[in-house]
Structure formats: structure tokens, C-alpha cells
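What follows is structure.cif (mmCIF, C-alpha atoms).
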```cif
data_my_file
loop_
_atom_site.label_atom_id
_atom_site.label_comp_id
_atom_site.auth_asym_id
_atom_site.auth_seq_id
_atom_site.Cartn_x
_atom_site.Cartn_y
_atom_site.Cartn_z
CA MET I 281 31.83 15.77 0.39
CA SER I 282 30.29 12.43 -0.50
CA ASP I 283 27.59 12.22 -3.11
CA PRO I 284 24.01 11.79 -1.85
CA PRO I 285 22.45 8.34 -2.22
CA ARG I 286 21.00 7.60 -5.61
CA GLY I 287 17.30 8.00 -6.16
CA LEU I 288 16.75 10.62 -3.47
CA PRO I 289 15.04 13.91 -4.33
CA GLN I 290 17.20 17.00 -4.09
CA SER I 291 14.35 19.40 -3.33
CA LEU I 292 10.80 19.44 -2.00
CA LEU I 293 9.45 19.82 -5.52
CA SER I 294 11.42 16.78 -6.65
CA PHE I 295 10.04 14.85 -3.68
CA TYR I 296 6.45 15.65 -4.62
CA LEU I 297 7.11 14.88 -8.28
CA GLN I 298 8.51 11.45 -7.45
CA LEU I 299 5.77 10.68 -4.94
CA PHE I 300 2.76 11.72 -6.99
CA GLY I 301 4.34 10.69 -10.28
CA ALA I 302 4.84 7.13 -9.08
CA ALA I 303 1.41 7.03 -7.42
CA SER I 304 -0.22 8.31 -10.62
CA ALA I 305 1.60 5.68 -12.66
CA TYR I 306 0.43 2.94 -10.30
CA ILE I 307 -3.16 4.18 -10.39
CA VAL I 308 -3.23 4.50 -14.18
CA SER I 309 -1.76 1.01 -14.48
CA ALA I 310 -4.43 -0.37 -12.15
CA VAL I 311 -7.18 1.24 -14.24
CA LEU I 312 -5.66 -0.13 -17.45
CA MET I 313 -5.48 -3.58 -15.87
CA LEU I 314 -9.23 -3.39 -15.30
CA GLN I 315 -9.81 -2.96 -19.02
CA VAL I 316 -7.19 -5.51 -20.09
CA VAL I 317 -8.61 -8.23 -17.85
CA TYR I 318 -12.14 -7.31 -18.94
CA LEU I 319 -11.26 -7.58 -22.64
CA SER I 320 -9.16 -10.71 -22.21
CA TYR I 321 -12.15 -12.45 -20.62
CA TYR I 322 -14.28 -11.58 -23.65
CA GLN I 323 -16.18 -8.92 -21.75
CA THR I 324 -17.43 -11.31 -19.10
CA THR I 325 -19.07 -9.92 -16.00
CA GLU I 326 -18.09 -12.84 -13.74
CA ARG I 327 -15.61 -12.04 -11.02
CA ASN I 328 -12.69 -14.40 -10.45
CA GLY I 329 -12.56 -14.22 -6.68
CA LEU I 330 -9.96 -16.95 -6.21
CA VAL I 331 -7.37 -15.33 -8.47
CA ALA I 332 -8.10 -11.94 -6.94
CA LEU I 333 -7.66 -13.36 -3.44
CA LEU I 334 -4.33 -14.98 -4.32
CA LEU I 335 -3.02 -11.77 -5.88
CA TYR I 336 -4.23 -9.63 -2.97
CA VAL I 337 -2.75 -11.94 -0.34
CA THR I 338 0.56 -12.23 -2.19
CA GLY I 339 0.81 -8.47 -2.61
CA LEU I 340 -0.05 -7.75 1.02
CA ILE I 341 2.40 -10.37 2.30
CA CYS I 342 5.15 -8.88 0.15
CA LEU I 343 4.20 -5.43 1.44
CA CYS I 344 4.39 -6.54 5.08
CA ILE I 345 7.77 -8.18 4.52
CA TYR I 346 9.10 -5.15 2.66
CA VAL I 347 7.97 -2.71 5.35
CA ASN I 348 9.85 -4.63 8.04
CA ILE I 349 13.17 -4.87 6.14
CA LEU I 350 14.66 -1.43 6.64
CA TRP I 351 17.83 -1.89 4.59
CA LEU I 352 15.77 -3.04 1.61
CA ARG I 353 13.60 0.07 1.82
CA ARG I 354 16.77 2.17 1.58
CA LYS I 355 18.40 0.25 -1.28
CA TYR I 356 17.93 1.91 -4.67
CA PRO I 357 16.67 0.75 -7.19
CA HIS I 358 15.56 -2.45 -5.47
CA ASN I 359 12.98 -0.54 -3.43
CA TRP I 360 11.33 0.77 -6.59
CA VAL I 361 11.33 -2.66 -8.22
CA ILE I 362 9.73 -4.32 -5.20
CA CYS I 363 7.12 -1.59 -4.72
CA SER I 364 6.26 -1.69 -8.42
CA THR I 365 5.81 -5.45 -8.15
CA ILE I 366 3.55 -5.03 -5.13
CA ALA I 367 1.55 -2.39 -6.99
CA ALA I 368 1.17 -4.73 -9.97
CA LEU I 369 -0.06 -7.57 -7.75
CA LEU I 370 -2.62 -5.37 -6.02
CA GLY I 371 -3.72 -3.81 -9.29
CA LEU I 372 -4.20 -7.21 -10.91
CA GLY I 373 -6.09 -8.46 -7.88
CA ASN I 374 -8.39 -5.48 -8.14
CA ALA I 375 -8.83 -6.09 -11.88
CA PHE I 376 -9.85 -9.72 -11.42
CA LEU I 377 -12.23 -8.77 -8.62
CA LEU I 378 -13.93 -5.86 -10.40
CA THR I 379 -14.38 -7.23 -13.91
CA GLY I 380 -17.12 -6.02 -16.21
CA GLN I 381 -16.49 -2.30 -15.82
CA ASP I 382 -18.64 -0.10 -18.04
CA SER I 383 -18.17 3.59 -18.76
CA GLU I 384 -20.51 4.59 -15.93
CA LYS I 385 -18.55 2.57 -13.41
CA LEU I 386 -15.28 4.02 -14.64
CA LEU I 387 -16.61 7.48 -13.78
CA GLY I 388 -15.95 6.41 -10.21
CA VAL I 389 -12.25 6.60 -11.04
CA LEU I 390 -12.59 10.32 -11.68
CA GLU I 391 -14.61 10.75 -8.50
CA VAL I 392 -12.01 9.02 -6.33
CA ILE I 393 -9.07 10.77 -7.99
CA ALA I 394 -10.76 14.16 -7.62
CA LEU I 395 -11.41 13.57 -3.92
CA MET I 396 -7.85 12.38 -3.40
CA CYS I 397 -6.43 15.46 -5.12
CA ILE I 398 -8.61 17.82 -3.06
CA TYR I 399 -7.82 16.23 0.28
CA LEU I 400 -4.12 15.72 -0.45
CA SER I 401 -3.76 19.37 -1.45
CA MET I 402 -5.43 20.36 1.82
CA GLY I 403 -2.99 18.18 3.75
CA VAL I 404 0.05 20.03 2.44
CA TRP I 405 -0.97 23.26 4.16
CA LEU I 406 -1.30 23.83 7.90
CA PRO I 407 -2.76 27.10 9.23
CA LYS I 408 -0.95 28.94 11.96
CA ARG I 409 -2.12 28.49 15.56
CA LEU I 410 -3.59 25.11 14.68
CA THR I 411 -2.11 21.74 15.46
CA PRO I 412 -2.39 19.01 12.80
CA VAL I 413 -5.06 17.21 14.81
CA ARG I 414 -7.16 20.34 15.25
CA TYR I 415 -6.81 21.19 11.58
CA VAL I 416 -7.93 17.72 10.48
CA THR I 417 -10.82 17.86 12.96
CA ALA I 418 -11.94 21.29 11.74
CA VAL I 419 -11.85 20.24 8.08
CA PHE I 420 -13.61 16.98 8.91
CA VAL I 421 -16.44 18.79 10.70
CA MET I 422 -16.79 21.20 7.79
CA VAL I 423 -16.95 18.34 5.28
CA VAL I 424 -19.54 16.51 7.39
CA VAL I 425 -21.73 19.61 7.62
CA LEU I 426 -21.51 20.33 3.89
CA THR I 427 -22.12 16.71 2.90
CA VAL I 428 -25.06 16.23 5.24
CA GLY I 429 -26.50 19.56 4.12
CA ALA I 430 -26.24 18.54 0.47
CA LEU I 431 -27.91 15.20 1.22
CA LEU I 432 -30.74 16.94 3.05
CA LEU I 433 -31.31 19.21 0.07
CA LEU I 434 -31.46 16.18 -2.20
CA TRP I 435 -33.88 14.58 0.23
CA ASN I 436 -36.23 17.55 -0.04
CA PHE I 437 -36.11 17.90 -3.83
CA SER I 438 -35.90 14.25 -4.90
CA ASP I 439 -38.78 11.80 -5.08
CA GLN I 440 -36.79 8.60 -5.64
CA HIS I 441 -35.80 6.97 -2.36
CA THR I 442 -33.31 4.60 -4.01
CA ASP I 443 -31.28 7.45 -5.49
CA LEU I 444 -31.09 9.12 -2.09
CA ILE I 445 -29.59 5.99 -0.55
CA LEU I 446 -27.11 5.83 -3.43
CA TYR I 447 -26.11 9.45 -2.88
CA SER I 448 -25.71 8.72 0.82
CA VAL I 449 -23.22 5.96 0.01
CA HIS I 450 -21.10 8.43 -1.93
CA GLY I 451 -21.50 10.91 0.90
CA ILE I 452 -20.06 8.35 3.30
CA LEU I 453 -17.05 8.00 1.02
CA ILE I 454 -16.53 11.76 0.95
CA ILE I 455 -16.67 11.96 4.74
CA VAL I 456 -14.45 8.95 5.45
CA MET I 457 -11.77 9.94 2.95
CA CYS I 458 -11.34 13.40 4.46
CA PRO I 459 -9.38 12.69 7.67
CA LEU I 460 -7.57 9.71 6.17
CA MET I 461 -6.13 11.51 3.15
CA ILE I 462 -5.33 14.76 4.96
CA PHE I 463 -3.53 12.94 7.76
CA GLN I 464 -1.54 10.85 5.29
CA MET I 465 -0.49 13.95 3.38
CA GLN I 466 0.58 15.64 6.60
CA VAL I 467 2.84 12.67 7.25
CA PHE I 468 4.18 12.66 3.70
CA SER I 469 4.88 16.40 3.72
CA GLY I 470 6.64 16.30 7.09
CA ILE I 471 4.07 18.29 9.06
CA ILE I 472 3.52 15.55 11.66
CA TRP I 473 7.11 14.47 12.33
CA ASP I 474 8.94 17.58 11.05
CA PHE I 475 10.60 15.63 8.22
CA ALA I 476 9.38 14.18 4.96
CA PRO I 477 9.89 10.44 4.34
CA ILE I 478 12.18 10.97 1.36
CA LEU I 479 13.70 7.52 1.82
CA ASP I 480 10.29 5.83 1.55
CA ILE I 481 8.85 7.46 -1.55
CA PRO I 482 8.13 4.06 -3.21
CA LEU I 483 6.30 2.86 -0.10
CA CYS I 484 4.28 6.08 0.14
CA SER I 485 3.28 5.71 -3.51
CA VAL I 486 2.03 2.18 -2.87
CA ILE I 487 0.02 3.45 0.11
CA LEU I 488 -1.68 6.01 -2.14
CA LEU I 489 -2.45 3.22 -4.60
CA ILE I 490 -4.02 1.16 -1.80
CA ASP I 491 -6.14 4.18 -0.86
CA PHE I 492 -7.34 4.47 -4.44
CA LEU I 493 -8.13 0.76 -4.77
CA ALA I 494 -10.06 0.70 -1.50
CA CYS I 495 -12.09 3.80 -2.36
CA TYR I 496 -12.78 2.67 -5.91
CA SER I 497 -13.91 -0.75 -4.73
CA PHE I 498 -16.35 1.03 -2.41
CA VAL I 499 -17.63 3.18 -5.28
CA ASP I 500 -17.94 0.13 -7.53
CA ALA I 501 -20.18 -1.53 -4.95
CA ASP I 502 -22.35 1.54 -4.39
CA VAL I 503 -25.44 -0.03 -5.96
CA ASP I 504 -25.07 -3.22 -3.93
CA ILE I 505 -24.56 -1.23 -0.73
CA ALA I 506 -27.60 0.93 -1.49
CA ARG I 507 -29.77 -2.13 -2.14
CA THR I 508 -28.59 -3.75 1.08
CA LEU I 509 -29.38 -0.63 3.08
CA GLU I 510 -32.78 -0.39 1.41
CA LEU I 511 -33.59 -4.01 2.22
CA LEU I 512 -32.48 -3.53 5.81
CA SER I 513 -34.60 -0.41 6.17
CA GLU I 514 -37.66 -2.21 4.76
CA ARG I 515 -37.08 -5.16 7.06
CA ASN I 516 -36.72 -2.92 10.09
CA ARG I 517 -39.87 -1.05 9.08
CA ARG I 518 -41.82 -4.30 8.84
CA MET I 519 -40.53 -5.47 12.21
CA PHE I 520 -41.49 -2.14 13.75
CA ASN I 521 -44.99 -2.36 12.27
CA GLN I 522 -45.41 -5.92 13.55
CA MET I 523 -44.31 -4.90 17.02
CA SER I 524 -46.65 -1.91 17.02
CA ASN I 525 -49.61 -4.09 15.99
CA MET I 526 -49.07 -6.60 18.77
#
```
Could you show the structure in this file as C-alpha cells?
Amino acid sequence: MSDPPRGLPQSLLSFYLQLFGAASAYIVSAVLMLQVVYLSYYQTTERNGLVALLLYVTGLICLCIYVNILWLRRKYPHNWVICSTIAALLGLGNAFLLTGQDSEKLLGVLEVIALMCIYLSMGVWLPKRLTPVRYVTAVFVMVVVLTVGALLLLWNFSDQHTDLILYSVHGILIIVMCPLMIFQMQVFSGIIWDFAPILDIPLCSVILLIDFLACYSFVDADVDIARTLELLSERNRRMFNQMSNM
């Protein structure tokens, strides 16, 4: 019998270790890049949008090219080298875009990672008599009900309107991440297509990194989003009052 291709996991546990190990390494590297860029710029709070755009575009172009070259995705260790390079480009782009991170902002890292761990663990398991779509829908409805219920409780017991809008922004993140992460994990674990993508572990790890970067960028902008929503609500209230007084 011929030896199996190099770099492939020999068991389901090995598959998960490679997938989440690489994704964790990419995420930790992206967080460290935030601090390195912040310190190298002498703790400036100005965002270098041009450099971030160039890094993002380069990383995404490389990702699109890599995805469409099947033989390269199967060639070990070149696939790991290319995916690590893509992860470095995206992580650096995120670091140049989100400079000036304080300890309070970095708490968003823990929030995003915790949500990812919860939803990914839920995506590994599929109850009997439920299709993947029905399972995702049921969990999504449950998360929406719990999140909206928690926000309503905060609305009743809190006096600060600005904090409520800020909590609502985080509630939107919790709701949106639910179907996305569970569906992705169902694909990774082989529930959707009856086989796990063991040949594309590097690509799956990069996808998890992109999920983290997108969610963390949303959390980082929570104050700006809350202020925008507050300004829009005040503007709409004024317009409604003007129309009612006419």
C-alpha cells in the first residue's frame, strides 16, 4: 500500500487539532500584530488606511487565486506557506487599520473568541431527526429570543440610552455570528457534504481568521456604530416632530 500524502490528518482528532491549531495561531498572530504596529508607531491613534487597504487587497487577491488553483491547494507544504502568507497580510492590514488599541478594546478579542468557540462547538453536533438547515434555524431562533429578551431587560433596568444602543450593537453581533459559524463548522466537520475537507485545512483556517477579523472590526467600531444610530434616531425624531407640527 502506498503511503498517504504528507500533511494529512490520520484521524478526526488530528483534523480538528490541525484546523483549530492553525486558526488559533493565525488569530494570536493577528492580535500580536495589533500591538506591534501600535508600539512601532509610538502609540499613535491615527489609522493608516492606505497601507491597510493595500495589505487587504493583496491578501484577498492571493486568496482568490489560491482558491481557484486546485493542485496548489493539495500540494504540501506549499499550501501551508501560502495560507500563512495570506493570514499575515490580512492580519497586518487589520493591525494598520485598527491602531491605538487599549485594554478595553482588546476585551473584544475575548468576546469574539468566546462566541466563535460556542458556535463552532454547536456546529460539530447535529441532533437526530433534524436536518442541518433546521438545526441552524432552531438555534438561530433561540439565540434571537434570548438576545432580544436580554436587551429588553436591560432596557427596563437601565437609564442610559447610549449604553442600550451599545449593547444592541453587540447583540447584533451575537445574532449574526450564530448561523454563520454553525454552518461553517457543519461544513468543516463533514455534516453538510458527508466528508470533512481534510485536504483544505489551511484554507479553512484562513476562513476562520477572516471571521475573527470581521467580527473584531465590528466590535472595535461599536462606539461609532452606536453614535451613528443615536444620531439617526434623533434626526428621525426631529423630522417626525416637524411633520406632526405642520
*To verify the selection step, state as a list in words which residues the PyMOL selection byres ((chain I and resi 452-460) around 9) yields on this input.*
Val392, Leu395, Met396, Tyr399, Val416, Thr417, Val419, Phe420, Val423, Val424, Thr427, Tyr447, Ser448, Val449, His450, Gly451, Met461, Ile462, Phe463, Gln464, Met465, Asp491, Cys495, Phe498 and Val499 of chain I
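With only C-alpha atoms as the atoms that count, the minimum distance from Leu330 (chain I) to the choices I:Leu433, I:Phe376, I:Thr411, I:Val311 is reached by I:Phe376.
The space between CA of Asp502 (chain I) and CA of Thr338 (chain I) spans 26.8 Å.
Residues with at least one atom no more than 10 Å from (1.9, 8.8, -7.7), using only C-alpha atoms, are Tyr296, Leu297, Gln298, Leu299, Phe300, Gly301, Ala302, Ala303, Ser304, Ala305, Tyr306, Ile307, Val308, Ile481, Pro482, Cys484, Ser485, Val486, Ile487, Leu488 and Leu489 of chain I.
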Go ahead and write the residues just picked, C-alpha atoms, as a short mmCIF file (atom, residue, chain, number, x, y, z; two decimals), keeping the file's coordinate frame.
```cif
data_model
loop_
_atom_site.label_atom_id
_atom_site.label_comp_id
_atom_site.auth_asym_id
_atom_site.auth_seq_id
_atom_site.Cartn_x
_atom_site.Cartn_y
_atom_site.Cartn_z
CA TYR I 296 6.45 15.65 -4.62
CA LEU I 297 7.11 14.88 -8.28
CA GLN I 298 8.51 11.45 -7.45
CA LEU I 299 5.77 10.68 -4.94
CA PHE I 300 2.76 11.72 -6.99
CA GLY I 301 4.34 10.69 -10.28
CA ALA I 302 4.84 7.13 -9.08
CA ALA I 303 1.41 7.03 -7.42
CA SER I 304 -0.22 8.31 -10.62
CA ALA I 305 1.60 5.68 -12.66
CA TYR I 306 0.43 2.94 -10.30
CA ILE I 307 -3.16 4.18 -10.39
CA VAL I 308 -3.23 4.50 -14.18
CA ILE I 481 8.85 7.46 -1.55
CA PRO I 482 8.13 4.06 -3.21
CA CYS I 484 4.28 6.08 0.14
CA SER I 485 3.28 5.71 -3.51
CA VAL I 486 2.03 2.18 -2.87
CA ILE I 487 0.02 3.45 0.11
CA LEU I 488 -1.68 6.01 -2.14
CA LEU I 489 -2.45 3.22 -4.60
#
```
*Just the residues within 12 Å of Ala501 (chain I), please, counting only C-alpha atoms, with nothing from its chain fewer than 2 positions along; format it as an MDAnalysis selection string.*
chainID I and resid 377:378 381 385 388 446 449:450 453 494:499 503:508
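CA of Pro477 (chain I) is found 27.2 Å from CA of Val389 (chain I).
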*CA of Gly373 (chain I) to CA of Ala394 (chain I), distance in Å rounded to a single decimal*: 23.1 Å
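Using all atoms listed in the file for every distance, the candidate list I:Val467, I:Leu386, I:Val421, I:Leu372 yields I:Leu372 as the residue closest to Val317 (chain I).
Restricting the calculation to all atoms listed in the file, the smallest distance between Ile445 (chain I) and any of I:Trp351, I:Glu510, I:Gly329, I:Gly403 is found for I:Glu510.
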So which residues touch Ala375 (chain I) within 9 Å, counting only C-alpha atoms, skipping near sequence neighbours fewer than 5 positions away, as a compact mmCIF listing (two decimals) with C-alpha atoms, in the coordinates of the input?
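Saved as selection-v8.txt:
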```
# COMPACT_ATOMS: atom_id res chain seq x y z
CA ALA I 310 -4.43 -0.37 -12.15
CA VAL I 311 -7.18 1.24 -14.24
CA LEU I 312 -5.66 -0.13 -17.45
CA MET I 313 -5.48 -3.58 -15.87
CA LEU I 314 -9.23 -3.39 -15.30
CA GLN I 315 -9.81 -2.96 -19.02
CA VAL I 316 -7.19 -5.51 -20.09
CA VAL I 317 -8.61 -8.23 -17.85
CA TYR I 318 -12.14 -7.31 -18.94
CA ALA I 332 -8.10 -11.94 -6.94
CA LEU I 370 -2.62 -5.37 -6.02
```
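Distance annotation: of I:Leu293, I:Cys344, I:Ala430, I:Leu410, the residue with the minimal separation from Ile471 (chain I) is I:Leu410; atom set is all atoms listed in the file.
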